[in-house]
Each structure stands twice: as C-alpha cells, then as structure tokens.
>>> print(open('my_file-v9.cif').read())   # mmCIF, C-alpha atoms
data_data
loop_
_atom_site.group_PDB
_atom_site.id
_atom_site.type_symbol
_atom_site.label_atom_id
_atom_site.label_comp_id
_atom_site.auth_asym_id
_atom_site.auth_seq_id
_atom_site.Cartn_x
_atom_site.Cartn_y
_atom_site.Cartn_z
ATOM 1 C CA MET A 1 253.621 -6.822 36.696
ATOM 2 C CA ASP A 2 252.493 -7.454 40.262
ATOM 3 C CA ARG A 3 248.751 -7.718 40.954
ATOM 4 C CA ARG A 4 247.761 -7.326 44.583
ATOM 5 C CA THR A 5 244.796 -6.316 46.639
ATOM 6 C CA PHE A 6 244.981 -2.728 47.901
ATOM 7 C CA THR A 7 243.124 -1.460 50.941
ATOM 8 C CA GLY A 8 243.442 2.158 51.982
ATOM 9 C CA THR A 9 242.673 5.797 51.469
ATOM 10 C CA VAL A 10 244.440 8.960 50.496
ATOM 11 C CA GLU A 11 246.298 9.960 53.628
ATOM 12 C CA GLY A 12 244.528 12.569 55.704
ATOM 13 C CA ASP A 13 247.598 14.766 55.888
ATOM 14 C CA LEU A 14 247.498 15.211 52.123
ATOM 15 C CA LEU A 15 244.092 16.843 52.358
ATOM 16 C CA ALA A 16 244.394 18.490 55.746
ATOM 17 C CA MET A 17 244.358 22.230 55.376
ATOM 18 C CA PRO A 18 246.534 24.272 57.701
ATOM 19 C CA GLU A 19 244.064 26.473 59.538
ATOM 20 C CA PRO A 20 246.534 29.362 59.850
ATOM 21 C CA SER A 21 246.784 29.532 56.049
ATOM 22 C CA ILE A 22 243.020 29.903 55.756
ATOM 23 C CA GLU A 23 242.905 32.535 58.479
ATOM 24 C CA VAL A 24 245.720 34.446 56.802
ATOM 25 C CA ALA A 25 243.738 34.462 53.561
ATOM 26 C CA VAL A 26 240.605 35.712 55.348
ATOM 27 C CA ALA A 27 242.606 38.404 57.159
ATOM 28 C CA ALA A 28 244.105 39.491 53.843
ATOM 29 C CA ALA A 29 240.606 39.690 52.363
ATOM 30 C CA GLU A 30 239.502 41.881 55.279
ATOM 31 C CA GLN A 31 242.495 44.162 54.748
ATOM 32 C CA ASP A 32 241.747 44.390 51.031
ATOM 33 C CA GLY A 33 238.087 45.057 51.808
ATOM 34 C CA LEU A 34 238.950 47.913 54.148
ATOM 35 C CA ARG A 35 241.315 49.349 51.543
ATOM 36 C CA PHE A 36 238.525 49.209 48.977
ATOM 37 C CA LEU A 37 236.118 50.709 51.524
ATOM 38 C CA LEU A 38 238.513 53.629 52.018
ATOM 39 C CA ARG A 39 238.675 54.242 48.279
ATOM 40 C CA VAL A 40 234.897 54.136 47.943
ATOM 41 C CA ARG A 41 234.540 56.426 50.959
ATOM 42 C CA LEU A 42 236.877 58.991 49.416
ATOM 43 C CA VAL A 43 234.921 58.921 46.160
ATOM 44 C CA VAL A 44 231.581 59.286 47.968
ATOM 45 C CA LEU A 45 232.891 62.109 50.159
ATOM 46 C CA ALA A 46 234.233 63.896 47.093
ATOM 47 C CA ALA A 47 230.781 63.623 45.509
ATOM 48 C CA VAL A 48 229.155 64.961 48.700
ATOM 49 C CA ALA A 49 231.614 67.863 48.805
ATOM 50 C CA LEU A 50 230.823 68.719 45.198
ATOM 51 C CA TRP A 51 227.105 68.589 45.970
ATOM 52 C CA LEU A 52 227.560 70.907 48.949
ATOM 53 C CA ILE A 53 229.599 73.393 46.935
ATOM 54 C CA THR A 54 227.003 73.623 44.195
ATOM 55 C CA ASN A 55 223.858 73.677 46.360
ATOM 56 C CA TYR A 56 224.524 75.177 49.800
ATOM 57 C CA ALA A 57 224.989 78.667 51.175
ATOM 58 C CA PRO A 58 228.499 79.568 52.428
ATOM 59 C CA LEU A 59 227.765 79.071 56.147
ATOM 60 C CA ARG A 60 226.183 75.647 55.685
ATOM 61 C CA LEU A 61 228.836 74.810 53.110
ATOM 62 C CA ALA A 62 231.625 75.406 55.625
ATOM 63 C CA LEU A 63 230.106 73.020 58.176
ATOM 64 C CA GLY A 64 229.459 70.407 55.506
ATOM 65 C CA LEU A 65 233.014 70.554 54.193
ATOM 66 C CA LEU A 66 234.398 70.293 57.732
ATOM 67 C CA THR A 67 232.315 67.158 58.239
ATOM 68 C CA VAL A 68 233.549 65.719 54.948
ATOM 69 C CA ALA A 69 237.135 66.484 55.974
ATOM 70 C CA ALA A 70 236.603 64.807 59.359
ATOM 71 C CA PHE A 71 235.290 61.604 57.768
ATOM 72 C CA THR A 72 238.125 61.645 55.234
ATOM 73 C CA LEU A 73 240.750 61.994 57.949
ATOM 74 C CA SER A 74 239.080 59.322 60.086
ATOM 75 C CA GLY A 75 239.055 56.828 57.219
ATOM 76 C CA ILE A 76 242.710 57.402 56.364
ATOM 77 C CA VAL A 77 243.903 57.244 59.982
ATOM 78 C CA GLN A 78 242.044 54.042 60.855
ATOM 79 C CA TYR A 79 243.280 52.333 57.696
ATOM 80 C CA HIS A 80 246.918 53.188 58.374
ATOM 81 C CA LEU A 81 246.620 52.194 62.036
ATOM 82 C CA GLY A 82 245.325 48.819 60.897
ATOM 83 C CA ARG A 83 248.214 48.385 58.486
ATOM 84 C CA ARG A 84 250.848 49.429 61.013
ATOM 85 C CA TRP A 85 249.583 47.722 64.163
ATOM 86 C CA GLY A 86 247.400 44.964 62.722
ATOM 87 C CA ARG A 87 243.777 44.166 63.626
ATOM 88 C CA PRO A 88 242.315 46.535 60.999
ATOM 89 C CA VAL A 89 238.728 45.576 61.832
ATOM 90 C CA PHE A 90 239.322 46.525 65.474
ATOM 91 C CA TRP A 91 240.533 49.991 64.519
ATOM 92 C CA ALA A 92 237.618 50.408 62.133
ATOM 93 C CA GLY A 93 235.255 49.517 64.983
ATOM 94 C CA VAL A 94 236.880 52.036 67.328
ATOM 95 C CA PHE A 95 236.606 54.863 64.817
ATOM 96 C CA THR A 96 233.026 53.851 64.049
ATOM 97 C CA VAL A 97 232.039 55.063 67.526
ATOM 98 C CA LEU A 98 233.402 58.528 66.783
ATOM 99 C CA GLU A 99 232.004 58.645 63.264
ATOM 100 C CA VAL A 100 228.491 57.591 64.266
ATOM 101 C CA ALA A 101 228.424 60.188 67.047
ATOM 102 C CA LEU A 102 229.599 62.895 64.645
ATOM 103 C CA LEU A 103 227.107 61.851 61.979
ATOM 104 C CA VAL A 104 224.110 61.901 64.334
ATOM 105 C CA ILE A 105 225.137 65.289 65.742
ATOM 106 C CA VAL A 106 225.502 66.794 62.275
ATOM 107 C CA VAL A 107 222.150 65.357 61.170
ATOM 108 C CA LEU A 108 220.230 66.583 64.228
ATOM 109 C CA ALA A 109 221.910 69.824 65.286
ATOM 110 C CA PRO A 110 220.640 72.923 63.395
ATOM 111 C CA PHE A 111 224.013 74.688 63.485
ATOM 112 C CA THR A 112 223.515 76.587 60.247
ATOM 113 C CA PHE A 113 219.811 77.399 60.497
ATOM 114 C CA PRO A 114 218.249 80.641 61.795
ATOM 115 C CA ALA A 115 217.988 81.061 65.554
ATOM 116 C CA ASP A 116 214.202 80.647 65.524
ATOM 117 C CA TRP A 117 214.387 77.411 63.500
ATOM 118 C CA PRO A 118 212.790 74.607 65.586
ATOM 119 C CA PRO A 119 215.427 71.878 66.122
ATOM 120 C CA GLN A 120 212.681 69.261 65.818
ATOM 121 C CA MET A 121 212.455 70.116 62.123
ATOM 122 C CA GLN A 122 215.786 68.352 61.613
ATOM 123 C CA LEU A 123 213.910 65.062 61.839
ATOM 124 C CA ARG A 124 211.882 66.044 58.763
ATOM 125 C CA LEU A 125 214.941 66.437 56.547
ATOM 126 C CA VAL A 126 216.262 63.724 54.245
ATOM 127 C CA THR A 127 219.655 63.818 55.945
ATOM 128 C CA VAL A 128 218.626 60.707 57.884
ATOM 129 C CA SER A 129 219.473 58.866 54.649
ATOM 130 C CA TYR A 130 223.154 59.391 55.445
ATOM 131 C CA LEU A 131 222.778 56.902 58.300
ATOM 132 C CA PHE A 132 221.668 54.183 55.898
ATOM 133 C CA ILE A 133 224.451 54.998 53.441
ATOM 134 C CA TYR A 134 227.006 54.859 56.243
ATOM 135 C CA VAL A 135 225.834 51.418 57.388
ATOM 136 C CA ALA A 136 225.626 50.119 53.815
ATOM 137 C CA GLY A 137 229.254 51.069 53.211
ATOM 138 C CA THR A 138 230.484 48.550 55.771
ATOM 139 C CA VAL A 139 229.517 45.677 53.465
ATOM 140 C CA LEU A 140 232.782 46.377 51.629
ATOM 141 C CA SER A 141 234.801 45.599 54.767
ATOM 142 C CA TYR A 142 234.393 41.812 54.386
ATOM 143 C CA SER A 143 233.711 41.645 58.135
ATOM 144 C CA PRO A 144 230.198 40.669 59.310
ATOM 145 C CA GLY A 145 231.171 41.676 62.834
ATOM 146 C CA LEU A 146 231.949 45.220 61.717
ATOM 147 C CA VAL A 147 228.654 45.378 59.812
ATOM 148 C CA VAL A 148 226.665 44.318 62.890
ATOM 149 C CA TRP A 149 228.644 46.639 65.169
ATOM 150 C CA THR A 150 228.115 49.631 62.873
ATOM 151 C CA GLY A 151 224.418 48.943 62.341
ATOM 152 C CA ALA A 152 223.682 48.409 66.031
ATOM 153 C CA LEU A 153 225.709 51.452 67.046
ATOM 154 C CA THR A 154 223.999 53.644 64.458
ATOM 155 C CA ALA A 155 220.540 52.496 65.544
ATOM 156 C CA ALA A 156 221.403 53.120 69.204
ATOM 157 C CA ALA A 157 222.870 56.568 68.513
ATOM 158 C CA TRP A 158 219.847 57.508 66.425
ATOM 159 C CA GLY A 159 217.616 56.449 69.312
ATOM 160 C CA VAL A 160 219.585 58.653 71.707
ATOM 161 C CA GLY A 161 219.274 61.570 69.305
ATOM 162 C CA HIS A 162 215.548 61.014 68.884
ATOM 163 C CA HIS A 163 214.936 60.959 72.625
ATOM 164 C CA ALA A 164 217.040 64.098 72.999
ATOM 165 C CA MET A 165 214.644 65.769 70.566
ATOM 166 C CA LEU A 166 211.678 64.540 72.607
ATOM 167 C CA ARG A 167 213.065 66.309 75.680
ATOM 168 C CA LEU A 168 213.377 69.681 73.981
ATOM 169 C CA PRO A 169 210.987 72.375 75.277
ATOM 170 C CA GLY A 170 207.808 72.625 73.267
ATOM 171 C CA THR A 171 208.105 69.217 71.625
ATOM 172 C CA VAL A 172 204.793 67.734 70.496
ATOM 173 C CA THR A 173 204.590 64.004 69.949
ATOM 174 C CA ALA A 174 202.344 60.983 69.586
ATOM 175 C CA HIS A 175 203.375 57.468 70.508
ATOM 176 C CA GLY A 176 201.732 55.866 67.492
ATOM 177 C CA PRO A 177 200.740 56.671 63.913
ATOM 178 C CA LEU A 178 198.781 59.925 63.896
ATOM 179 C CA ILE A 179 196.025 58.556 61.716
ATOM 180 C CA ASP A 180 195.348 55.858 64.338
ATOM 181 C CA THR A 181 195.382 58.166 67.372
ATOM 182 C CA PRO A 182 192.059 57.773 69.252
ATOM 183 C CA GLY A 183 189.909 60.890 69.352
ATOM 184 C CA LEU A 184 191.982 62.698 66.733
ATOM 185 C CA SER A 185 190.283 63.557 63.453
ATOM 186 C CA PRO A 186 192.142 63.431 60.130
ATOM 187 C CA ALA A 187 192.266 67.225 60.148
ATOM 188 C CA GLY A 188 193.656 67.162 63.679
ATOM 189 C CA SER A 189 196.254 64.572 62.682
ATOM 190 C CA LEU A 190 197.345 66.746 59.775
ATOM 191 C CA ALA A 191 197.551 69.838 61.962
ATOM 192 C CA LEU A 192 199.647 67.974 64.511
ATOM 193 C CA TYR A 193 201.958 66.619 61.826
ATOM 194 C CA LEU A 194 202.462 70.090 60.351
ATOM 195 C CA ASP A 195 203.449 71.491 63.733
ATOM 196 C CA PRO A 196 207.173 72.333 63.318
ATOM 197 C CA ARG A 197 207.871 70.981 66.810
ATOM 198 C CA PHE A 198 206.209 67.635 66.196
ATOM 199 C CA VAL A 199 208.408 64.550 66.738
ATOM 200 C CA SER A 200 207.060 61.235 65.479
ATOM 201 C CA ASP A 201 207.738 58.176 67.593
ATOM 202 C CA ALA A 202 206.341 55.975 64.830
ATOM 203 C CA ALA A 203 208.818 57.378 62.297
ATOM 204 C CA TRP A 204 211.735 56.742 64.659
ATOM 205 C CA ARG A 205 210.650 53.147 65.270
ATOM 206 C CA THR A 206 210.299 52.561 61.532
ATOM 207 C CA GLN A 207 213.742 54.013 60.823
ATOM 208 C CA THR A 208 215.288 51.906 63.572
ATOM 209 C CA VAL A 209 213.696 48.698 62.318
ATOM 210 C CA LEU A 210 214.822 49.449 58.762
ATOM 211 C CA LEU A 211 218.362 50.143 59.959
ATOM 212 C CA LEU A 212 218.482 46.843 61.825
ATOM 213 C CA LEU A 213 216.983 44.916 58.902
ATOM 214 C CA LEU A 214 219.533 46.471 56.560
ATOM 215 C CA THR A 215 222.275 45.488 58.992
ATOM 216 C CA LEU A 216 220.999 41.905 59.169
ATOM 217 C CA VAL A 217 220.851 41.521 55.385
ATOM 218 C CA LEU A 218 224.302 43.019 54.860
ATOM 219 C CA ALA A 219 225.859 40.926 57.634
ATOM 220 C CA ALA A 220 224.360 37.754 56.139
ATOM 221 C CA ALA A 221 225.726 38.675 52.708
ATOM 222 C CA VAL A 222 229.212 39.331 54.081
ATOM 223 C CA ALA A 223 229.162 36.118 56.142
ATOM 224 C CA ARG A 224 228.258 34.131 53.027
ATOM 225 C CA SER A 225 231.063 35.802 51.085
ATOM 226 C CA ARG A 226 233.539 34.848 53.808
ATOM 227 C CA SER A 227 232.267 31.276 53.739
ATOM 228 C CA LEU A 228 232.771 31.099 49.980
ATOM 229 C CA LEU A 229 236.253 32.553 50.389
ATOM 230 C CA ARG A 230 237.202 29.950 52.989
ATOM 231 C CA ARG A 231 235.901 27.192 50.726
ATOM 232 C CA GLN A 232 237.859 28.562 47.782
ATOM 233 C CA VAL A 233 241.068 28.819 49.810
ATOM 234 C CA THR A 234 240.551 25.314 51.199
ATOM 235 C CA ASP A 235 240.089 23.868 47.715
ATOM 236 C CA HIS A 236 243.144 25.701 46.418
ATOM 237 C CA LEU A 237 245.355 24.486 49.255
ATOM 238 C CA ALA A 238 244.015 20.947 48.909
ATOM 239 C CA ARG A 239 244.872 20.842 45.219
ATOM 240 C CA ALA A 240 248.305 22.321 45.880
ATOM 241 C CA ASN A 241 248.949 19.713 48.570
ATOM 242 C CA LEU A 242 247.817 16.836 46.362
ATOM 243 C CA ALA A 243 249.908 18.128 43.453
ATOM 244 C CA ARG A 244 253.031 17.413 45.494
ATOM 245 C CA TYR A 245 252.366 13.675 45.269
ATOM 246 C CA PHE A 246 250.071 13.037 42.290
ATOM 247 C CA SER A 247 249.934 13.904 38.620
ATOM 248 C CA PRO A 248 247.600 16.740 37.535
ATOM 249 C CA ASN A 249 244.971 14.372 36.132
ATOM 250 C CA VAL A 250 244.854 12.417 39.403
ATOM 251 C CA VAL A 251 244.575 15.691 41.339
ATOM 252 C CA ASP A 252 241.627 16.699 39.159
ATOM 253 C CA VAL A 253 239.895 13.379 39.809
ATOM 254 C CA LEU A 254 240.437 13.523 43.565
ATOM 255 C CA ALA A 255 239.447 17.186 43.837
ATOM 256 C CA SER A 256 236.290 16.785 41.765
ATOM 257 C CA ALA A 257 235.219 13.612 43.572
ATOM 258 C CA GLY A 258 235.014 15.367 46.927
ATOM 259 C CA PRO A 259 234.925 13.365 50.182
ATOM 260 C CA ALA A 260 233.634 10.281 48.364
ATOM 261 C CA GLY A 261 236.771 10.180 46.241
ATOM 262 C CA THR A 262 239.075 10.011 49.253
ATOM 263 C CA ALA A 263 237.041 7.625 51.391
ATOM 264 C CA ALA A 264 238.634 4.311 52.398
ATOM 265 C CA ARG A 265 237.856 1.522 49.953
ATOM 266 C CA HIS A 266 238.965 -1.996 49.005
ATOM 267 C CA GLN A 267 239.759 -2.772 45.379
ATOM 268 C CA ARG A 268 242.133 -4.688 43.109
ATOM 269 C CA VAL A 269 244.901 -2.611 41.543
ATOM 270 C CA ALA A 270 247.789 -3.193 39.157
ATOM 271 C CA VAL A 271 251.232 -1.869 40.129
ATOM 272 C CA LEU A 272 254.067 -1.659 37.584
ATOM 273 C CA PHE A 273 257.637 -1.563 38.865
ATOM 274 C CA ALA A 274 260.061 -0.459 36.125
ATOM 275 C CA ASP A 275 263.712 0.503 35.910
ATOM 276 C CA VAL A 276 265.846 1.973 33.130
ATOM 277 C CA ARG A 277 268.924 -0.128 32.584
ATOM 278 C CA GLY A 278 272.101 1.916 32.903
ATOM 279 C CA PHE A 279 270.266 5.088 33.945
ATOM 280 C CA THR A 280 273.012 6.169 36.340
ATOM 281 C CA ARG A 281 275.693 5.887 33.640
ATOM 282 C CA ILE A 282 273.472 7.655 31.092
ATOM 283 C CA SER A 283 272.650 10.538 33.424
ATOM 284 C CA GLU A 284 276.314 11.054 34.227
ATOM 285 C CA SER A 285 277.195 11.278 30.558
ATOM 286 C CA ILE A 286 274.395 13.549 29.288
ATOM 287 C CA GLY A 287 274.321 16.085 32.133
ATOM 288 C CA ALA A 288 271.588 17.417 34.376
ATOM 289 C CA VAL A 289 269.602 19.372 31.772
ATOM 290 C CA ARG A 290 269.259 16.490 29.330
ATOM 291 C CA THR A 291 268.608 14.075 32.187
ATOM 292 C CA MET A 292 265.593 16.121 33.300
ATOM 293 C CA ALA A 293 264.313 16.100 29.716
ATOM 294 C CA PHE A 294 264.977 12.356 29.355
#
>>> encode(input="my_file-v9.cif", output="structure tokens")
Amino acid sequence: MDRRTFTGTVEGDLLAMPEPSIEVAVAAAEQDGLRFLLRVRLVVLAAVALWLITNYAPLRLALGLLTVAAFTLSGIVQYHLGRRWGRPVFWAGVFTVLEVALLVIVVLAPFTFPADWPPQMQLRLVTVSYLFIYVAGTVLSYSPGLVVWTGALTAAAWGVGHHAMLRLPGTVTAHGPLIDTPGLSPAGSLALYLDPRFVSDAAWRTQTVLLLLLTLVLAAAVARSRSLLRRQVTDHLARANLARYFSPNVVDVLASAGPAGTAARHQRVAVLFADVRGFTRISESIGAVRTMAF
C-alpha cells in the first residue's frame, strides 16, 4: 500500500462535450418536431374538412376543401424538402410565407358570399381564429425562430389585410373604441358598429397585440424546451464519457456532484497496486471467455 498526497482534478477532456454532438441532437429534435407538426396538421385539417362537409353549402364547401388540400400539400412538400435537402426549419419558414398569405386571403375575401355582401363583414366572422391556431401550431416545431417568424409574419399580413379593407369604397371606421369616441352617443356608437361596412381599428390593434403576445409566450416555451434538451444531452454525453474511465458508482458521484465534484482539490489518498501471480499463464490455459469472467 502506497500512501501519497494527490493534487489534481478530473481532466477537462473527460467532461468536455463535443458541440457538434449537441447540435446534432437539437437538429434531430427539430426534425422530429416538424414530423410531429405535420401529423398534427393532417389531423386538424381532416377535422376541418369534416366540419366543412357537415356544415357548409356546396359552393363554400368546395373553396374550403381546396384550402384544406393546399395546406395539406404544403405541409407534406416542406417536410420532404427538409428531409431531402436538410435545413427543415428553413423550408418551413419559406412555406410559411405562402401559407400565411393564403390564409389571410381566404379569411378576408368573400369568394362564396352573395355579390351584394359587404367585404368588410368578413372582419366580423370568427374565421380570424384560424390565424391564432396557425401560429399556435408552430410550438410543435421545436424552433423558437420559426415561432417568432410565423407570428410576426401573420401579424404583418393581417395588418395588410386590415388596411386593404379600410381602403374599400364605403368603409366606415373609427380610430379608437366606439364607446370612447368624442361626441358620439351610445346609440350612435351602436348604430356605427352595426353598419355592415364598419371596420374597427381598435379590434385590429387588439388582435395584433394578442397575436404577438401569443408568439412571445410560445417562443419562450420552445426556447426553454431547447435549453432543457441541450442540458439533457450534455449530461448524457458527460456520463458516457466518464463511463469510459470510471466505474458506474464513481460516474454517479461525479455526475451528481456537478462542477463542485470536478473542481481541483488537494487531499490524501490511498492507492493499491496489485498483481495476480501467474496471470499470463492462467489466461493462456483457460481461454478468452473464462479469462474475461475471471
């Protein structure tokens, strides 16, 4: 038995995590997230198609089903482009431009309504909810950048659509809440609101703020998930690296101790050097399998 003073630390290269390995894991998570997003999209679109079939007249049904088919095709194409050429989040972002434009046009354009239907009435319909659902779906992508891009693009496109409505002939509007408009009685506010060509600036601002707040919350949630993933991958790789040199119980101690457990320190240790007499002769006689079990 040899007792000596030991000064040192666990070598840094034992704990150093190869950054490419972590990035590969994050990229794989993004790819899995987009695959899951595609599956969820297909389920949601199938539900929308079923709703259209059971509730809409044939003319409106045809337009709705064409829109559903367009979003289905877009989701499938962007996913396969990402798998074939890489950078799946990039392709998702490119197709987001087309999808947001299509969604805003479908929500605002009265294609299937009578000719005398005021286009401004489209802003009164609940179809604006589709914008929020579309943005919310990006949380499954595991990419905060895609969430922010989609939310900002949707808010901008909705603003363009709103201002296009303001420029239509006969549009009536107020730049603030009707109830607070100076010189306008409650009865006058109600009459203005019930005008089929009325476009509310206050409603558009509220919808835009809510879209951006939703985007911020979702992006923060996805960013936190990515951070937890990176930490999990780092811990896994650290334990795997330590397991190459230490026994499992030592790995558990080092991994659970954190940075304090691997800091340089000075302490007295006991080192036992041992040898098995005649081990070479024994191993030659009993073979490899029994030697490993020896």
>>> closest_residue(input="my_file-v9.cif", among="A:Met121, A:Val128, A:Leu37, A:Ala69", to="Leu194 (chain A)", atoms="only C-alpha atoms")
A:Met121
>>> resolve_selection(input="my_file-v9.cif", expression="the PyMOL selection byres ((chain A and resi 229) around 12)", output="PyMOL selection string")
chain A and resi 22-30+142+222-228+230-236
>>> axis_aligned_box(input="my_file-v9.cif", around="region 238-253 of chain A", padding_each_side="6 Å", output="AutoDock Vina command-line options")
--center_x 246.5 --center_y 17.4 --center_z 42.5 --size_x 25.1 --size_y 21.9 --size_z 24.8
>>> closest_residue(input="my_file-v9.cif", among="A:Gly75, A:Arg277, A:Ala191, A:Val106", to="Trp91 (chain A)", atoms="all atoms listed in the file")
A:Gly75
>>> closest_residue(input="my_file-v9.cif", among="A:His163, A:His80, A:Arg41, A:Arg265", to="Val68 (chain A)", atoms="all atoms listed in the file")
A:Arg41
>>> resolve_selection(input="my_file-v9.cif", expression="the PyMOL selection byres ((chain A and resi 101) around 12)", output="PyMOL selection string")
chain A and resi 67+71+94-100+102-109+131+150+153-161
>>> closest_residue(input="my_file-v9.cif", among="A:Val139, A:Leu216, A:Leu50, A:Leu211", to="Phe36 (chain A)", atoms="all atoms listed in the file")
A:Val139
>>> atom_distance(input="my_file-v9.cif", atom1="CA of Leu146 (chain A)", atom2="CA of Ala219 (chain A)")
8.5 Å
>>> residues_around(input="my_file-v9.cif", residues="Ala49 (chain A)", least_positions_apart="3", cutoff="8 Å", atoms="all atoms listed in the file", output="MDAnalysis selection string")
chainID A and resid 45:46 52:53 64:65 68
>>> residues_around(input="my_file-v9.cif", residues="Thr215 (chain A)", least_positions_apart="3", cutoff="7 Å", atoms="all atoms listed in the file", output="ChimeraX atom specification")
/A:147-148,151,211-212,218-219
>>> atom_distance(input="my_file-v9.cif", atom1="CA of Phe132 (chain A)", atom2="CA of Leu214 (chain A)")
8.0 Å
>>> resolve_selection(input="my_file-v9.cif", expression="the PyMOL selection byres ((chain A and resi 166) around 12)", output="VMD selection string")
chain A and resid 119 to 121 123 159 to 165 167 to 175 197 to 201 204
>>> atom_distance(input="my_file-v9.cif", atom1="CA of Ala202 (chain A)", atom2="CA of Ser129 (chain A)")
16.9 Å
